[in-house]
Each structure stands twice: as C-alpha cells, then as structure tokens.
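Have a look at entry_2.cif below; it lists mmCIF, C-alpha atoms (C1' of nucleotides).
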```cif
data_entry
#
loop_
_atom_site.label_atom_id
_atom_site.label_comp_id
_atom_site.auth_asym_id
_atom_site.auth_seq_id
_atom_site.Cartn_x
_atom_site.Cartn_y
_atom_site.Cartn_z
CA MET A 1 -89.92 79.78 177.86
CA LYS A 2 -86.17 79.88 177.35
CA GLN A 3 -84.02 81.74 179.78
CA SER A 4 -80.30 82.24 179.89
CA ALA A 5 -78.36 79.86 182.08
CA PRO A 6 -76.68 81.16 185.21
CA ALA A 7 -73.08 82.19 184.75
CA VAL A 8 -71.67 79.22 186.60
CA LEU A 9 -73.46 76.83 184.30
CA VAL A 10 -72.33 78.65 181.22
CA GLU A 11 -68.82 78.39 182.48
CA ALA A 12 -69.21 74.68 183.10
CA ASN A 13 -70.74 74.17 179.66
CA ALA A 14 -68.15 76.16 177.79
CA ARG A 15 -66.52 73.82 175.28
CA PRO A 16 -62.77 73.81 175.65
CA PHE A 17 -61.11 76.28 173.37
CA VAL A 18 -59.23 73.86 171.17
CA GLU A 19 -62.29 71.82 170.27
CA ASP A 20 -63.41 74.39 167.75
CA TYR A 21 -60.05 75.88 166.85
CA LEU A 22 -59.26 75.29 163.20
CA LEU A 23 -55.53 74.87 163.65
CA TYR A 24 -56.08 72.35 166.39
CA LEU A 25 -58.61 70.41 164.37
CA LEU A 26 -56.22 70.25 161.45
CA ALA A 27 -53.33 69.10 163.62
CA ALA A 28 -55.42 66.57 165.47
CA SER A 29 -57.05 65.05 162.42
CA SER A 30 -53.73 64.89 160.64
CA HIS A 31 -52.14 63.26 163.66
CA ALA A 32 -54.94 60.74 164.02
CA LEU A 33 -55.12 59.66 160.41
CA SER A 34 -51.41 59.68 159.72
CA GLY A 35 -50.84 57.81 162.95
CA GLU A 36 -53.12 55.05 161.72
CA PHE A 37 -51.29 54.77 158.45
CA HIS A 38 -47.83 54.78 159.99
CA ALA A 39 -48.41 51.29 161.28
CA THR A 40 -48.73 50.14 157.67
CA VAL A 41 -45.63 52.05 156.68
CA LYS A 42 -43.51 50.51 159.39
CA ARG A 43 -44.83 47.06 158.57
CA GLN A 44 -43.30 47.62 155.11
CA GLY A 45 -39.95 48.12 156.84
CA ILE A 46 -39.67 51.74 155.86
CA LYS A 47 -39.51 54.83 158.04
CA VAL A 48 -42.21 57.45 158.08
CA ASN A 49 -39.78 60.09 156.86
CA GLU A 50 -38.71 57.94 153.99
CA TRP A 51 -42.29 57.18 153.06
CA ARG A 52 -42.99 60.89 152.88
CA VAL A 53 -40.04 61.54 150.65
CA LEU A 54 -40.85 58.65 148.34
CA ALA A 55 -44.53 59.60 148.16
CA CYS A 56 -43.56 63.11 147.12
CA LEU A 57 -41.06 61.93 144.55
CA VAL A 58 -42.98 59.06 143.08
CA ASP A 59 -44.44 60.74 140.08
CA ARG A 60 -42.02 63.51 139.53
CA PRO A 61 -38.94 63.48 137.37
CA GLY A 62 -36.55 64.72 140.05
CA MET A 63 -36.60 67.69 142.35
CA MET A 64 -34.18 70.18 143.76
CA LEU A 65 -33.46 69.40 147.36
CA THR A 66 -34.92 72.68 148.53
CA GLU A 67 -38.06 72.27 146.49
CA LEU A 68 -38.50 68.81 147.88
CA ALA A 69 -37.95 70.03 151.42
CA GLY A 70 -40.84 72.43 150.98
CA LEU A 71 -43.04 69.69 149.65
CA VAL A 72 -42.28 67.14 152.36
CA LEU A 73 -42.48 69.85 155.02
CA PHE A 74 -38.95 69.30 156.32
CA GLU A 75 -36.24 71.81 157.04
CA GLN A 76 -33.61 71.79 154.34
CA SER A 77 -30.87 70.67 156.74
CA HIS A 78 -33.03 67.84 157.93
CA LEU A 79 -33.86 66.69 154.43
CA THR A 80 -30.17 66.63 153.53
CA LYS A 81 -29.65 64.06 156.25
CA VAL A 82 -32.69 61.99 155.35
CA ILE A 83 -31.55 61.91 151.73
CA ASP A 84 -28.07 60.83 152.85
CA ARG A 85 -29.58 57.75 154.49
CA MET A 86 -31.97 57.04 151.65
CA GLU A 87 -29.20 57.31 149.12
CA ARG A 88 -27.17 54.76 151.07
CA GLN A 89 -30.20 52.47 151.03
CA GLY A 90 -30.55 52.97 147.30
CA LEU A 91 -34.05 54.44 147.54
CA VAL A 92 -33.13 57.74 145.91
CA ALA A 93 -30.21 59.16 143.97
CA ARG A 94 -28.61 62.56 143.88
CA ALA A 95 -27.93 63.99 140.45
CA LYS A 96 -26.14 67.17 139.48
CA THR A 97 -27.33 69.53 136.78
CA LYS A 98 -25.01 71.08 134.21
CA GLU A 99 -26.47 74.56 134.15
CA ASP A 100 -26.26 75.17 137.89
CA ARG A 101 -23.67 73.18 139.73
CA ARG A 102 -25.06 74.13 143.13
CA LYS A 103 -28.27 72.26 142.55
CA VAL A 104 -28.81 68.67 143.51
CA LEU A 105 -31.70 66.82 141.93
CA ILE A 106 -33.25 64.07 143.98
CA GLN A 107 -34.69 61.21 142.01
CA ILE A 108 -36.49 58.11 143.12
CA THR A 109 -34.73 54.91 142.05
CA GLU A 110 -36.27 51.71 140.78
CA GLU A 111 -35.77 50.22 144.19
CA GLY A 112 -37.46 53.24 145.71
CA ARG A 113 -40.39 52.72 143.40
CA LYS A 114 -40.64 49.10 144.39
CA SER A 115 -40.65 49.96 148.07
CA VAL A 116 -43.26 52.62 147.72
CA ALA A 117 -45.67 50.99 145.31
CA PRO A 118 -47.47 48.77 147.83
CA LEU A 119 -47.80 51.72 150.16
CA ILE A 120 -49.37 53.89 147.51
CA SER A 121 -52.00 51.23 146.96
CA ALA A 122 -52.44 50.92 150.70
CA THR A 123 -53.26 54.62 150.91
CA ARG A 124 -56.30 54.08 148.73
CA GLN A 125 -57.78 51.56 151.11
CA HIS A 126 -56.84 53.56 154.13
CA GLU A 127 -58.27 56.76 152.74
CA ALA A 128 -61.48 54.97 151.81
CA SER A 129 -61.76 53.61 155.31
CA ALA A 130 -60.95 56.96 156.88
CA ILE A 131 -63.78 58.72 155.05
CA ARG A 132 -66.22 55.83 155.09
CA ASN A 133 -68.83 57.67 157.11
CA LEU A 134 -68.62 61.00 155.35
CA ASP A 135 -70.66 62.24 152.40
CA LEU A 136 -68.75 62.00 149.18
CA ALA A 137 -69.66 65.59 148.42
CA ASP A 138 -68.25 66.69 151.75
CA VAL A 139 -64.99 64.97 151.01
CA VAL A 140 -64.73 66.86 147.76
CA THR A 141 -65.40 70.09 149.61
CA LEU A 142 -62.87 69.12 152.25
CA LYS A 143 -60.08 68.48 149.81
CA GLY A 144 -60.89 71.64 147.91
CA ILE A 145 -60.66 73.75 151.02
CA LEU A 146 -57.48 72.08 152.21
CA LYS A 147 -55.89 72.78 148.87
CA LYS A 148 -56.78 76.44 149.20
CA LEU A 149 -55.37 76.55 152.70
CA VAL A 150 -52.13 74.96 151.55
CA LEU A 151 -51.72 77.57 148.86
CA GLY A 152 -52.13 80.18 151.52
CA LYS A 153 -52.08 83.81 150.56
CA ALA A 154 -53.55 82.95 147.16
CA MET B 1 -65.39 65.95 119.57
CA LYS B 2 -63.45 64.85 122.63
CA GLN B 3 -60.93 62.08 122.36
CA SER B 4 -58.73 60.54 124.98
CA ALA B 5 -55.19 61.83 125.15
CA PRO B 6 -52.29 59.61 124.15
CA ALA B 7 -50.78 57.64 127.00
CA VAL B 8 -47.60 59.67 127.13
CA LEU B 9 -49.54 62.86 127.56
CA VAL B 10 -51.69 61.38 130.25
CA GLU B 11 -48.54 60.38 132.05
CA ALA B 12 -47.12 63.86 131.72
CA ASN B 13 -50.33 65.42 132.95
CA ALA B 14 -50.78 63.10 135.88
CA ARG B 15 -50.96 65.20 139.02
CA PRO B 16 -48.42 64.11 141.57
CA PHE B 17 -49.84 61.60 144.01
CA VAL B 18 -49.67 63.70 147.15
CA GLU B 19 -51.56 66.62 145.68
CA ASP B 20 -54.87 64.86 146.11
CA TYR B 21 -53.99 62.62 149.04
CA LEU B 22 -56.08 63.46 152.05
CA LEU B 23 -53.40 62.74 154.65
CA TYR B 24 -50.95 64.91 152.79
CA LEU B 25 -53.42 67.75 152.44
CA LEU B 26 -54.17 67.62 156.14
CA ALA B 27 -50.49 67.60 157.07
CA ALA B 28 -49.61 70.36 154.63
CA SER B 29 -52.46 72.68 155.58
CA SER B 30 -51.78 72.12 159.24
CA HIS B 31 -48.11 72.81 158.71
CA ALA B 32 -48.80 75.95 156.72
CA LEU B 33 -51.33 77.52 159.04
CA SER B 34 -49.64 76.55 162.28
CA GLY B 35 -46.36 77.75 160.89
CA GLU B 36 -47.88 81.17 160.34
CA PHE B 37 -49.16 81.36 163.87
CA HIS B 38 -45.95 80.18 165.48
CA ALA B 39 -44.37 83.50 164.70
CA THR B 40 -46.97 85.14 166.94
CA VAL B 41 -46.40 82.56 169.66
CA LYS B 42 -42.66 83.11 169.72
CA ARG B 43 -43.12 86.85 169.73
CA GLN B 44 -44.98 86.33 173.03
CA GLY B 45 -41.82 84.71 174.41
CA ILE B 46 -43.41 81.29 174.73
CA LYS B 47 -42.51 78.05 173.01
CA VAL B 48 -44.81 76.32 170.58
CA ASN B 49 -45.02 73.27 172.85
CA GLU B 50 -45.95 75.35 175.80
CA TRP B 51 -48.55 77.19 173.80
CA ARG B 52 -50.14 73.89 172.88
CA VAL B 53 -50.26 72.72 176.45
CA LEU B 54 -51.67 75.98 177.73
CA ALA B 55 -54.26 76.15 174.96
CA CYS B 56 -55.44 72.67 175.87
CA LEU B 57 -55.57 73.39 179.57
CA VAL B 58 -57.02 76.86 179.49
CA ASP B 59 -60.62 76.04 180.09
CA ARG B 60 -60.35 72.78 181.89
CA PRO B 61 -60.13 72.20 185.61
CA GLY B 62 -57.02 69.97 185.48
CA MET B 63 -56.17 66.88 183.51
CA MET B 64 -54.34 63.65 184.05
CA LEU B 65 -50.98 63.75 182.40
CA THR B 66 -51.85 60.92 180.05
CA GLU B 67 -55.17 62.43 179.07
CA LEU B 68 -53.44 65.70 178.37
CA ALA B 69 -50.78 63.96 176.32
CA GLY B 70 -53.50 62.55 174.09
CA LEU B 71 -55.06 65.96 173.72
CA VAL B 72 -51.86 67.82 172.90
CA LEU B 73 -50.74 64.99 170.64
CA PHE B 74 -47.49 64.34 172.51
CA GLU B 75 -45.99 61.11 173.72
CA GLN B 76 -46.46 60.66 177.43
CA SER B 77 -42.74 60.70 178.18
CA HIS B 78 -42.36 63.83 176.14
CA LEU B 79 -45.17 65.60 177.93
CA THR B 80 -43.64 64.69 181.29
CA LYS B 81 -40.55 66.64 180.30
CA VAL B 82 -42.45 69.58 178.87
CA ILE B 83 -44.48 69.79 182.06
CA ASP B 84 -41.24 69.70 184.08
CA ARG B 85 -40.07 72.81 182.31
CA MET B 86 -43.43 74.55 182.46
CA GLU B 87 -43.77 73.82 186.15
CA ARG B 88 -40.37 75.42 186.76
CA GLN B 89 -41.58 78.45 184.85
CA GLY B 90 -44.73 78.56 186.92
CA LEU B 91 -47.05 78.13 183.95
CA VAL B 92 -48.66 74.93 185.22
CA ALA B 93 -48.77 72.97 188.46
CA ARG B 94 -48.84 69.28 189.26
CA ALA B 95 -51.43 68.12 191.77
CA LYS B 96 -51.97 64.69 193.27
CA THR B 97 -55.36 63.10 193.77
CA LYS B 98 -56.31 61.21 196.91
CA GLU B 99 -58.17 58.31 195.29
CA ASP B 100 -55.36 57.25 192.96
CA ARG B 101 -51.90 58.19 194.03
CA ARG B 102 -50.41 57.34 190.68
CA LYS B 103 -52.27 60.09 188.93
CA VAL B 104 -50.91 63.57 188.43
CA LEU B 105 -53.30 66.34 187.57
CA ILE B 106 -51.94 69.17 185.49
CA GLN B 107 -53.49 72.55 186.07
CA ILE B 108 -52.86 75.88 184.46
CA THR B 109 -51.73 78.54 186.90
CA GLU B 110 -52.71 82.19 187.02
CA GLU B 111 -49.43 83.02 185.39
CA GLY B 112 -50.12 80.46 182.71
CA ARG B 113 -53.46 82.08 182.08
CA LYS B 114 -51.87 85.47 181.78
CA SER B 115 -49.35 84.20 179.26
CA VAL B 116 -51.90 82.46 177.15
CA ALA B 117 -54.69 85.01 177.12
CA PRO B 118 -53.23 87.31 174.45
CA LEU B 119 -52.51 84.30 172.28
CA ILE B 120 -56.05 83.03 172.52
CA SER B 121 -57.25 86.38 171.25
CA ALA B 122 -54.63 86.33 168.56
CA THR B 123 -55.98 83.03 167.29
CA ARG B 124 -59.28 84.68 166.45
CA GLN B 125 -57.64 87.19 164.18
CA HIS B 126 -55.37 84.62 162.67
CA GLU B 127 -58.16 82.18 162.03
CA ALA B 128 -60.26 84.91 160.45
CA SER B 129 -57.40 85.83 158.18
CA ALA B 130 -56.68 82.21 157.31
CA ILE B 131 -60.23 81.61 156.12
CA ARG B 132 -60.83 85.02 154.65
CA ASN B 133 -61.37 83.75 151.13
CA LEU B 134 -63.50 80.78 151.96
CA ASP B 135 -67.27 80.56 152.19
CA LEU B 136 -68.49 80.69 155.73
CA ALA B 137 -70.64 77.65 155.06
CA ASP B 138 -67.62 75.75 153.81
CA VAL B 139 -65.74 76.54 156.96
CA VAL B 140 -68.57 75.12 159.01
CA THR B 141 -68.51 71.99 156.87
CA LEU B 142 -64.75 71.83 157.18
CA LYS B 143 -64.73 71.96 160.96
CA GLY B 144 -67.54 69.45 161.15
CA ILE B 145 -65.65 66.97 159.01
CA LEU B 146 -62.40 67.48 160.87
CA LYS B 147 -64.17 66.80 164.14
CA LYS B 148 -65.49 63.54 162.75
CA LEU B 149 -62.03 62.59 161.54
CA VAL B 150 -60.54 63.32 164.93
CA LEU B 151 -63.06 61.08 166.63
CA GLY B 152 -62.05 58.37 164.23
CA LYS B 153 -63.78 55.03 164.40
CA ALA B 154 -67.00 56.70 165.57
"C1'" DT C 1 -13.94 92.11 135.21
"C1'" DG C 2 -13.78 92.05 140.12
"C1'" DA C 3 -16.34 92.74 144.23
"C1'" DT C 4 -20.67 91.94 146.48
"C1'" DT C 5 -24.88 89.71 147.15
"C1'" DT C 6 -27.80 85.92 146.63
"C1'" DT C 7 -28.88 81.09 146.17
"C1'" DA C 8 -28.22 75.93 147.02
"C1'" DT C 9 -26.56 72.44 149.80
"C1'" DA C 10 -23.87 70.54 153.63
"C1'" DT C 11 -22.26 70.59 158.33
"C1'" DT C 12 -22.06 71.39 163.24
"C1'" DC C 13 -23.93 71.86 167.50
"C1'" DC C 14 -27.57 71.61 170.59
"C1'" DA C 15 -32.46 71.02 172.02
"C1'" DT C 16 -36.14 68.08 171.42
"C1'" DT C 17 -38.33 63.79 171.02
"C1'" DT C 18 -38.69 58.91 171.10
"C1'" DC C 19 -38.07 54.18 172.76
"C1'" DA C 20 -37.48 51.13 176.17
"C1'" DT C 21 -37.70 50.51 180.71
"C1'" DA C 22 -38.00 51.58 185.79
"C1'" DT C 23 -40.89 52.72 189.66
"C1'" DA C 24 -45.02 53.23 192.10
"C1'" DT C 25 -49.71 52.23 192.71
"C1'" DT C 26 -54.04 49.99 191.87
"C1'" DC C 27 -56.76 46.16 190.22
"C1'" DA C 28 -58.12 41.33 189.62
"C1'" DT C 29 -58.19 36.73 190.96
"C1'" DG C 30 -57.19 32.33 193.17
"C1'" DC D 1 -54.80 38.87 201.27
"C1'" DA D 2 -50.97 37.55 198.45
"C1'" DT D 3 -49.49 37.45 193.86
"C1'" DG D 4 -49.51 38.63 189.15
"C1'" DA D 5 -51.39 41.79 185.71
"C1'" DA D 6 -52.47 46.38 184.53
"C1'" DT D 7 -52.10 51.40 184.77
"C1'" DA D 8 -49.78 56.07 185.57
"C1'" DT D 9 -45.78 58.58 185.55
"C1'" DA D 10 -40.76 59.20 185.34
"C1'" DT D 11 -36.09 58.41 183.68
"C1'" DG D 12 -32.02 57.52 180.71
"C1'" DA D 13 -29.86 56.51 176.41
"C1'" DA D 14 -30.15 57.12 171.66
"C1'" DA D 15 -32.15 59.14 167.52
"C1'" DT D 16 -34.15 63.03 165.41
"C1'" DG D 17 -34.85 67.74 164.16
"C1'" DG D 18 -33.82 72.61 163.93
"C1'" DA D 19 -30.96 77.06 163.99
"C1'" DA D 20 -26.95 78.92 162.73
"C1'" DT D 21 -23.20 78.73 159.91
"C1'" DA D 22 -19.88 77.09 156.38
"C1'" DT D 23 -18.93 76.20 151.62
"C1'" DA D 24 -19.57 76.54 146.90
"C1'" DA D 25 -21.58 78.40 142.77
"C1'" DA D 26 -24.21 81.82 140.29
"C1'" DA D 27 -26.09 86.43 139.69
"C1'" DT D 28 -25.76 91.39 140.03
"C1'" DC D 29 -23.70 95.54 139.20
"C1'" DA D 30 -20.26 99.30 139.60
#
```
Could you express the structure from this file as structure tokens?
Amino acid sequence: MKQSAPAVLVEANARPFVEDYLLYLLAASSHALSGEFHATVKRQGIKVNEWRVLACLVDRPGMMLTELAGLVLFEQSHLTKVIDRMERQGLVARAKTKEDRRKVLIQITEEGRKSVAPLISATRQHEASAIRNLDLADVVTLKGILKKLVLGKA
Amino acid sequence: MKQSAPAVLVEANARPFVEDYLLYLLAASSHALSGEFHATVKRQGIKVNEWRVLACLVDRPGMMLTELAGLVLFEQSHLTKVIDRMERQGLVARAKTKEDRRKVLIQITEEGRKSVAPLISATRQHEASAIRNLDLADVVTLKGILKKLVLGKA
DNA sequence: TGATTTTATATTCCATTTCATATATTCATG
DNA sequence: CATGAATATATGAAATGGAATATAAAATCA
C-alpha cells in the first residue's frame, strides 16, 4: 500500500534543481572531461587555448578569423590576441586574400602540426577511457544529439 | 559496385577532427545552449555567475564554500570573490559553523530566492525549446549519460 | 560615382579569473 | 600537548577575456 510522503519529506527528498537541468549537465560534463584532458595538454607545453585553436585548424586549409572564432567558441577580439601569440610562436600564420583585403586567413604551420599531432592521438585514448563504461550505442546517440544541439535552430 | 575513393578525395572529404570529438561536442553544445539562456538571465538584471550560484544553492540548506565551488565549477578563490559581491547585494549570506571554525556556509537569502525564481521557471521553457526536435527517449538517454560522465571514474 | 552601410579585424579599457600564497583552524602523531 | 601536516578560506598580483570602439575595406544604392 503506497501512500504519498508527508510534505516535509518530499521537500527533503527533492533533488537539487541543477542535477537534472540539461544546461548544467552539459556544462558540468564538459568541465569534468575537458579538465581531465587539460593536464595532458599542459604536459605538452601548450596552453589550453592554443590546443583548441590548433585542434580546430588541424584539418582545414585555413579559416577566416571570424569563422575560426565561432568554431573555437571565442570572442573575435579574444581570438585576435590568441592568434597574435601563436603567430609569434610559429604555430599558426596569418595570410591575406586577394579578393577581400579585410580578411585574414589563419593557417596551421608545420610546427603547429607537430605540436598538435601527439595531442590528437592522446584524445583517442582519453575519449576511450571517458566512455569506457557506456554502451557503444549510447555514445553514438549522445554524439548525434550533441551535434543537433550545436546546430541549434536547425 | 562500390570502390574505395582515391586518397586525395578521402583527404578532401575527411571531416574536421573536432566535429566528432566528444569533448568538443560537449563544449560547443554547452556554449550554444547556455549562450541562448544568458540573454534571459541578463534581462533579469543578474549576472551569469550569480545565476549559477543561485541555481546551485536554491534547494539546498547551505553549502561549504569549497563544496559549492565544485558544484558551480569555479575555482575556490574565484567563488570567494563572487560570494563577496553577492553578499553585498544581499543574494546570499555567509554563516559560520560551531564545530569547524574554518568553514563558511553559503546560504541563499529570501532576496536571492526572489531573484532566482523567475529564472528557474524560464529554464523549463528554454529547455523545452532546446530539445523540441529531439525524441523524448533520446533526451532521457542524453541526461543519463551526462550524469554518468559528470560522476566520472564511477 | 560618391555617400552610406555593412563586414572583417584590431585595439583599448576594464572586469573577471587564475595562480600563488597568506592566514586561520583542525587533525595526526611522537 | 606540542609540533608538523592538512584543510578551509581569503588576498594580491598578474593574466585573461569581453564590450565597445576604431580602422580599413567592400558592398549597396541613390
């Protein structure tokens, strides 16, 4: 014979709001997993920001700064500064286009590729370890949904 | 009769690395969805940081600063400063415990509750809209997986 | 074509955030 | 119980990030 719990108990049992809030779960899982990987990134002697830029550039021919900013999830003004540093380090290069002289194309350099290659491999191990106790099918579902969420309004 | 594409084509077709990288997909979806909601938060006259703190505190009795920092995903020293501001605004209060005089318990105030209430309701609409073209079952799967990822090593 | 608007990037200024460390308190151990 | 290690929070200096704006080039259109 089930009966409803007294109000006080219900109150006490209520799971905190954020624990089932999608945006929180996304932020928290992202924070947790990326946090783990950042140790590896730093060990490689490269900054998290730079890793993000390189990972986004690695198999693209060159991207407009603004495009790239959208991809790496940085403000344009912030990315300008990050690219300044990375250019000084020789990890990326700015290139101008003929057709539109406002545009700056950011390209990964050979040195950039060398820096990022071991990290790309490391992601495979890390990802495997991160999902080691999930169903493979669920992971496929997960990525599919995340892709839809990223596209947004679509 | 299928035959494998020439290497050059394969190269050209290769999807950029990040597009199927779990950590990127998590970061990007989180960024996209939270970004949408932040407009609502600011419209309420409250800062994103403060929203996060209040949302974490709202149905808890009071939390140690460090515990709370873990929950809101802030560095401890950062949270100290955010709490300073929020205390001045009357959104939260610091309380000391008798047993351990090092500890500071952070509690949401009545005013904090009042500020956060409309936002909590707003999350329901926003979440509904964010997932409007997903299967309900998939959303359940999604949240379940994210919870596992947050717990980590478990 | 010249004026106006829009787009792309850079710059400046300021708030936020981090890193390292200080301070206070408790815990563990000889 | 005294002393050293560990834990909780706070603080200060330095780096980062974001909003607004400047600059430059292209697009629109009257």
Taking all atoms listed in the file into account, produce a table as a tab-separated table in which each residue of chain C with an atom at most 10 Å from an atom of chain B appears once, together with its shortest atom pair and the distance in Å to one decimal, ordered by chain and rising number.
```
residue	atom	partner	partner_atom	distance
C:DT16	C1'	B:His78	CA	8.9
C:DT17	C1'	B:His78	CA	6.5
C:DT18	C1'	B:His78	CA	7.9
C:DC19	C1'	B:Ser77	CA	9.7
C:DA24	C1'	B:Arg102	CA	6.9
C:DT25	C1'	B:Arg102	CA	5.5
C:DT26	C1'	B:Asp100	CA	7.5
```
- Apply the PyMOL selection byres ((chain B and resi 152) around 12) to the displayed file and report the matching residues as a PyMOL selection string. (chain A and resi 28-36+129-134) or (chain B and resi 145-151+153-154)
- Message: If the PyMOL selection byres ((chain D and resi 27) around 8) were run on this exact file, what residues would it hold? Put them as a ChimeraX atom specification.
- Response: /C:6 /D:26,28
Residues of chain D that approach chain B to 12 Å or less, counting only C-alpha atoms (C1' of nucleotides): could you list each one with the shortest pair of atoms and its distance in Å to one decimal, rows by chain and increasing residue number, as a tab-separated table?
```
residue	atom	partner	partner_atom	distance
D:DT7	C1'	B:Arg102	CA	8.5
D:DA8	C1'	B:Arg102	CA	5.3
D:DT9	C1'	B:Arg102	CA	7.0
D:DA10	C1'	B:Thr80	CA	7.4
D:DT11	C1'	B:Ser77	CA	8.9
D:DG12	C1'	B:Ser77	CA	11.5
```
- Message: Take the PyMOL selection byres ((chain A and resi 71) around 10), run it mentally on this structure, and tell me the resulting residues as a PyMOL selection string.
- Response: (chain A and resi 52-53+56-57+63+65-70+72-74) or (chain B and resi 18-19+24+28)
Draw an axis-aligned box tight on the listed atoms of stretch 12-30 of chain D, then pad every side by 4 Å and write out centre and edge lengths in Å to one decimal as JSON.
```
{"center_x": -26.9, "center_y": 77.9, "center_z": 160.0, "size_x": 23.9, "size_y": 50.8, "size_z": 49.5}
```
